[in-house]
Amino acid sequence: MSAEIIDGKAVAASVREKVAQAVASLKEKHGVQPALAVVLVGEDPASQVYVRNKGVATEKSGMRSIEHKLPETTSEDEVVALVRKLNDDDTVDGILVQLPLPKHIASDRVINEIHPDKDVDGLTEVNAGRLILGKPGLVPCTPQGSVILAKTVKDNLSGLNAVVVGRSILVGKPLSMLLLAENCTVTMAHSRTQDLASVCREADILCAAVGIPRLIKGDWVKKGAIVIDVGINRIEEDGRNRLVGDVDYGEAMDVAGAITPVPGGVGPMTIACLLRNTVIAGARRRGLGEVDV
Ligand code: NDP
């Protein structure tokens, strides 16, 4: 039997719809329009596309989008000065610094200058600490999107064995913390894990965030498991340029209970969760409580 395909595009659209409703309600009840400021340094073509897409999505949801495009030669101190200005700007609810920054700029310093309550990428040390401590904060978008997708299959994940392959700060670690918060029994696997295949076979929820095309084979997947494939890998195959995940989708399809495709799985959730974080941050910062998104 074939696995259920988790439709990330459809789930992302429904998250974006909820965000738009929350934005409309903030406007109507409180005259508030949340705003997201995105800072782009340099001319990296992929980053320019991401920033444009984020701007369009922000405006579509009814929020205000502010773009700061700085030349490649901008100094670290100048980027920090801009972030501080945005921190102090009461009309700005979310600040996102597009990564990677040019090599002469220390990303860590710049990111940690963002006020934690405007840190809609959830990457500051304060928000990482809040996540570990189980305190309300802003959570990184891709891991949040991954958990939302898993919960479309099974609303209550409590007690399930979750294996997260990959322990990056951006994906693996926060995803593990979110699954722990859902009361899963979490195993974090990485490049030094011994017998990764056996570890994966124990997973009721198997999350892959590695960056190696089709690393995870069909016979590493437990029958009926929920498979969340975060990986996005560009490969040449049959003379074509293709995007594939970290899971061998064709093989896993025959074993898993549900699986995210690549593309069209976790990918679309990232921007949706960025918008979600922005409206959450906007309401909290203004003392308007928690929005239902
Ligand atoms: P990183 O390169 O930062 O981390 C990769 C992780 O995989 C590391 O923890 C590494 O272990 C682990 N790893 C490497 N090789 C193996 C192996 N052979 N077996 C087990 N684990 C291994 O990547 P990211 O977390 O940033 O991204 C992971 C993937 O997710 C990429 O394909 C990326 O493109 C994609 N991605 C997708 C997003 C989206 O959908 N919007 C957003 C962000 C990322 P160790 O720590 O030991 O080195």
# chains A, B, ... in the order shown; residues from 1 in each chain; ligands from 1
$ residues_around --residues "A:Val244" --least-positions-apart "3" --cutoff "9 Å" --atoms "only C-alpha atoms" --output "ChimeraX atom specification"
/A:213-214,231-235,247-249,261-263
$ residues_near_ligand --ligand "ligand 1" --cutoff "8 Å" --atoms "only C-alpha atoms and all ligand atoms" --output "compact mmCIF listing (two decimals) with N, CA and C atoms, in the first residue's frame"
# COMPACT_ATOMS: atom_id res chain seq x y z
N THR A 142 11.28 26.45 9.75
CA THR A 142 11.25 25.13 9.10
C THR A 142 10.90 24.02 10.11
N VAL A 165 17.17 13.06 12.08
CA VAL A 165 18.52 12.87 11.53
C VAL A 165 19.03 14.25 11.10
N GLY A 166 20.10 14.70 11.74
CA GLY A 166 20.62 16.07 11.54
C GLY A 166 20.46 16.84 12.84
N ARG A 167 21.51 17.59 13.21
CA ARG A 167 21.47 18.31 14.49
C ARG A 167 21.92 19.76 14.29
N SER A 168 21.51 20.35 13.16
CA SER A 168 21.92 21.75 12.92
C SER A 168 21.13 22.67 13.84
N ILE A 169 21.67 23.88 13.99
CA ILE A 169 21.01 24.89 14.82
C ILE A 169 19.73 25.36 14.14
N LEU A 170 19.77 25.36 12.80
CA LEU A 170 18.64 25.86 12.02
C LEU A 170 17.46 24.88 12.00
N VAL A 171 17.77 23.57 11.91
CA VAL A 171 16.68 22.60 11.74
C VAL A 171 16.68 21.50 12.82
N GLY A 172 17.72 20.67 12.83
CA GLY A 172 17.69 19.44 13.64
C GLY A 172 17.45 19.68 15.12
N ALA A 189 19.94 11.94 15.69
CA ALA A 189 21.01 11.22 14.98
C ALA A 189 21.81 12.23 14.16
N HIS A 190 23.06 11.86 13.85
CA HIS A 190 23.95 12.80 13.14
C HIS A 190 25.04 12.01 12.44
N SER A 191 26.07 12.70 11.98
CA SER A 191 27.07 12.03 11.13
C SER A 191 27.89 10.99 11.90
N ARG A 192 27.90 11.04 13.22
CA ARG A 192 28.67 10.05 13.99
C ARG A 192 27.79 8.92 14.54
N THR A 193 26.52 8.96 14.25
CA THR A 193 25.61 7.91 14.74
C THR A 193 26.02 6.56 14.15
N LEU A 196 22.93 3.93 11.57
CA LEU A 196 21.81 4.87 11.38
C LEU A 196 20.55 4.14 10.91
N ALA A 208 14.15 13.88 8.46
CA ALA A 208 15.48 13.91 7.86
C ALA A 208 15.85 15.34 7.51
N ALA A 209 16.95 15.81 8.09
CA ALA A 209 17.43 17.18 7.80
C ALA A 209 18.95 17.10 7.70
N VAL A 210 19.40 16.53 6.59
CA VAL A 210 20.82 16.19 6.44
C VAL A 210 21.46 16.95 5.28
N GLY A 211 20.83 16.89 4.12
CA GLY A 211 21.43 17.49 2.93
C GLY A 211 22.19 16.48 2.09
N ILE A 212 21.82 15.19 2.20
CA ILE A 212 22.41 14.14 1.34
C ILE A 212 21.26 13.48 0.57
N PRO A 213 21.29 13.57 -0.78
CA PRO A 213 20.18 13.03 -1.57
C PRO A 213 19.92 11.55 -1.27
N LEU A 215 19.59 9.67 1.22
CA LEU A 215 20.40 8.94 2.22
C LEU A 215 19.57 7.83 2.88
N VAL A 230 13.00 17.03 5.29
CA VAL A 230 13.34 18.47 5.23
C VAL A 230 14.35 18.75 4.12
N GLY A 231 15.09 17.74 3.74
CA GLY A 231 16.20 17.93 2.79
C GLY A 231 15.75 18.49 1.45
N ILE A 232 16.56 19.38 0.92
CA ILE A 232 16.34 19.89 -0.45
C ILE A 232 17.68 19.77 -1.17
N ASN A 233 17.76 18.83 -2.10
CA ASN A 233 19.03 18.58 -2.79
C ASN A 233 18.80 18.65 -4.30
N GLY A 245 14.78 14.87 -1.91
CA GLY A 245 14.95 14.99 -0.47
C GLY A 245 16.09 14.12 0.06
N ASP A 246 16.14 14.01 1.39
CA ASP A 246 17.13 13.15 2.05
C ASP A 246 16.62 11.72 2.17
N GLY A 265 6.61 19.68 0.10
CA GLY A 265 6.35 19.18 1.45
C GLY A 265 6.68 20.26 2.48
N VAL A 266 7.86 20.11 3.11
CA VAL A 266 8.27 21.05 4.15
C VAL A 266 8.55 22.44 3.56
N GLY A 267 9.11 22.47 2.34
CA GLY A 267 9.53 23.75 1.74
C GLY A 267 8.51 24.88 1.87
N PRO A 268 7.27 24.68 1.39
CA PRO A 268 6.29 25.79 1.44
C PRO A 268 5.92 26.22 2.86
N MET A 269 6.21 25.36 3.85
CA MET A 269 5.83 25.69 5.22
C MET A 269 6.72 26.78 5.82
N THR A 270 7.93 26.94 5.27
CA THR A 270 8.88 27.87 5.91
C THR A 270 8.36 29.31 5.85
N ILE A 271 7.95 29.76 4.68
CA ILE A 271 7.44 31.14 4.59
C ILE A 271 6.12 31.27 5.36
$ residues_around --residues "A:Arg16" --least-positions-apart "2" --cutoff "12 Å" --atoms "only C-alpha atoms" --output "PyMOL selection string"
chain A and resi 8-14+18-23+57-63+145+268-279+293
$ atom_distance --atom1 "atom CA of A:Val97" --atom2 "atom CA of A:Gly129"
19.7 Å
$ residues_around --residues "stretch 34-47 of chain A" --least-positions-apart "3" --cutoff "8 Å" --atoms "only C-alpha atoms" --output "PyMOL selection string"
chain A and resi 23+50-51+58+63-74+86+91-99+101-102+278-279+282
$ closest_residue --among "A:Glu290, A:Asp108, A:Glu182, A:Asp7" --to "A:Asp155" --atoms "only C-alpha atoms"
A:Glu182
$ atom_distance --atom1 "atom CA of A:Lys217" --atom2 "atom CA of A:Asp204"
15.5 Å
$ select_by_dssp --residues "stretch 20-171 of chain A" --states "strand (DSSP E)" --output "list of chain:residue names"
A:Ala35, A:Leu36, A:Ala37, A:Val38, A:Val39, A:Leu40, A:Val41, A:Arg64, A:Ser65, A:Ile66, A:Glu67, A:His68, A:Lys69, A:Leu70, A:Gly94, A:Ile95, A:Leu96, A:Val97, A:Asn161, A:Ala162, A:Val163, A:Val164, A:Val165
$ decode --residues "stretch 14-124 of chain A" --atoms "C-alpha atoms" --output "compact mmCIF listing (two decimals), in the first residue's frame"
# COMPACT_ATOMS: atom_id res chain seq x y z
CA SER A 14 -4.25 27.05 5.16
CA VAL A 15 -1.65 28.48 7.62
CA ARG A 16 -1.38 31.58 5.42
CA GLU A 17 -5.16 31.90 5.34
CA LYS A 18 -5.29 31.76 9.16
CA VAL A 19 -2.53 34.39 9.34
CA ALA A 20 -4.49 36.65 6.96
CA GLN A 21 -7.58 36.27 9.16
CA ALA A 22 -5.58 37.11 12.30
CA VAL A 23 -4.09 40.17 10.56
CA ALA A 24 -7.54 41.33 9.46
CA SER A 25 -8.82 40.94 12.99
CA LEU A 26 -5.89 42.94 14.47
CA LYS A 27 -6.61 45.71 11.98
CA GLU A 28 -10.33 45.74 12.64
CA LYS A 29 -10.25 45.49 16.43
CA HIS A 30 -7.05 47.41 17.24
CA GLY A 31 -6.10 49.39 14.11
CA VAL A 32 -2.81 47.47 14.01
CA GLN A 33 -1.01 46.33 10.85
CA PRO A 34 1.99 44.09 11.68
CA ALA A 35 5.15 44.75 9.67
CA LEU A 36 8.06 42.52 8.70
CA ALA A 37 11.45 44.08 7.93
CA VAL A 38 13.86 42.00 5.86
CA VAL A 39 17.54 42.90 5.62
CA LEU A 40 19.49 41.70 2.60
CA VAL A 41 23.22 42.34 2.30
CA GLY A 42 24.88 41.73 -1.06
CA GLU A 43 23.69 40.44 -4.42
CA ASP A 44 23.41 36.66 -3.94
CA PRO A 45 20.78 35.71 -6.58
CA ALA A 46 19.12 32.97 -4.49
CA SER A 47 18.83 35.31 -1.49
CA GLN A 48 17.31 38.01 -3.71
CA VAL A 49 14.62 35.56 -4.83
CA TYR A 50 13.90 34.46 -1.23
CA VAL A 51 13.61 38.06 -0.07
CA ARG A 52 11.28 38.96 -2.95
CA ASN A 53 9.09 35.93 -2.21
CA LYS A 54 8.93 36.78 1.48
CA GLY A 55 7.93 40.38 0.66
CA VAL A 56 5.14 39.28 -1.69
CA ALA A 57 3.83 36.73 0.82
CA THR A 58 3.89 39.29 3.64
CA GLU A 59 1.81 41.76 1.64
CA LYS A 60 -0.60 39.05 0.48
CA SER A 61 -1.31 38.24 4.13
CA GLY A 62 -2.24 41.89 4.75
CA MET A 63 0.95 42.80 6.63
CA ARG A 64 3.43 45.50 5.70
CA SER A 65 6.72 44.45 4.12
CA ILE A 66 9.85 46.57 4.51
CA GLU A 67 12.98 45.67 2.55
CA HIS A 68 16.45 46.98 3.34
CA LYS A 69 18.89 46.10 0.58
CA LEU A 70 22.48 46.91 1.43
CA PRO A 71 25.54 46.60 -0.83
CA GLU A 72 28.04 43.73 -0.44
CA THR A 73 30.59 46.23 0.94
CA THR A 74 28.44 47.13 3.98
CA SER A 75 30.39 46.72 7.23
CA GLU A 76 29.29 44.56 10.15
CA ASP A 77 28.82 47.67 12.31
CA GLU A 78 26.53 49.22 9.69
CA VAL A 79 24.33 46.08 9.60
CA VAL A 80 24.23 46.04 13.41
CA ALA A 81 23.27 49.74 13.41
CA LEU A 82 20.36 49.01 11.05
CA VAL A 83 19.15 46.10 13.20
CA ARG A 84 19.24 48.34 16.29
CA LYS A 85 17.24 51.00 14.43
CA LEU A 86 14.62 48.38 13.50
CA ASN A 87 14.56 47.15 17.12
CA ASP A 88 13.70 50.69 18.21
CA ASP A 89 11.10 51.24 15.48
CA ASP A 90 7.74 50.66 17.11
CA THR A 91 6.00 50.04 13.79
CA VAL A 92 8.24 47.01 13.04
CA ASP A 93 7.09 43.67 14.49
CA GLY A 94 9.46 41.20 12.85
CA ILE A 95 13.08 41.48 11.75
CA LEU A 96 14.71 38.93 9.47
CA VAL A 97 18.32 39.11 8.35
CA GLN A 98 18.67 37.01 5.20
CA LEU A 99 21.44 34.42 5.51
CA PRO A 100 24.12 33.80 4.44
CA LEU A 101 25.69 37.18 5.10
CA PRO A 102 28.87 38.12 3.21
CA LYS A 103 31.97 36.47 4.70
CA HIS A 104 33.34 39.63 6.36
CA ILE A 105 30.23 39.86 8.59
CA ALA A 106 29.82 37.69 11.71
CA SER A 107 26.26 36.32 11.36
CA ASP A 108 26.15 35.35 15.03
CA ARG A 109 26.71 38.90 16.21
CA VAL A 110 24.17 40.38 13.79
CA ILE A 111 21.47 37.78 14.57
CA ASN A 112 21.88 38.19 18.32
CA GLU A 113 21.40 41.96 17.98
CA ILE A 114 17.80 41.32 16.87
CA HIS A 115 15.38 41.95 19.73
CA PRO A 116 14.19 38.44 20.75
CA ASP A 117 10.55 39.52 20.57
CA LYS A 118 11.04 40.59 16.93
CA ASP A 119 13.19 37.57 16.02
CA VAL A 120 10.71 35.95 13.61
CA ASP A 121 13.33 33.46 12.36
CA GLY A 122 13.74 32.25 15.96
CA LEU A 123 17.51 32.21 15.64
CA THR A 124 18.67 34.35 18.56
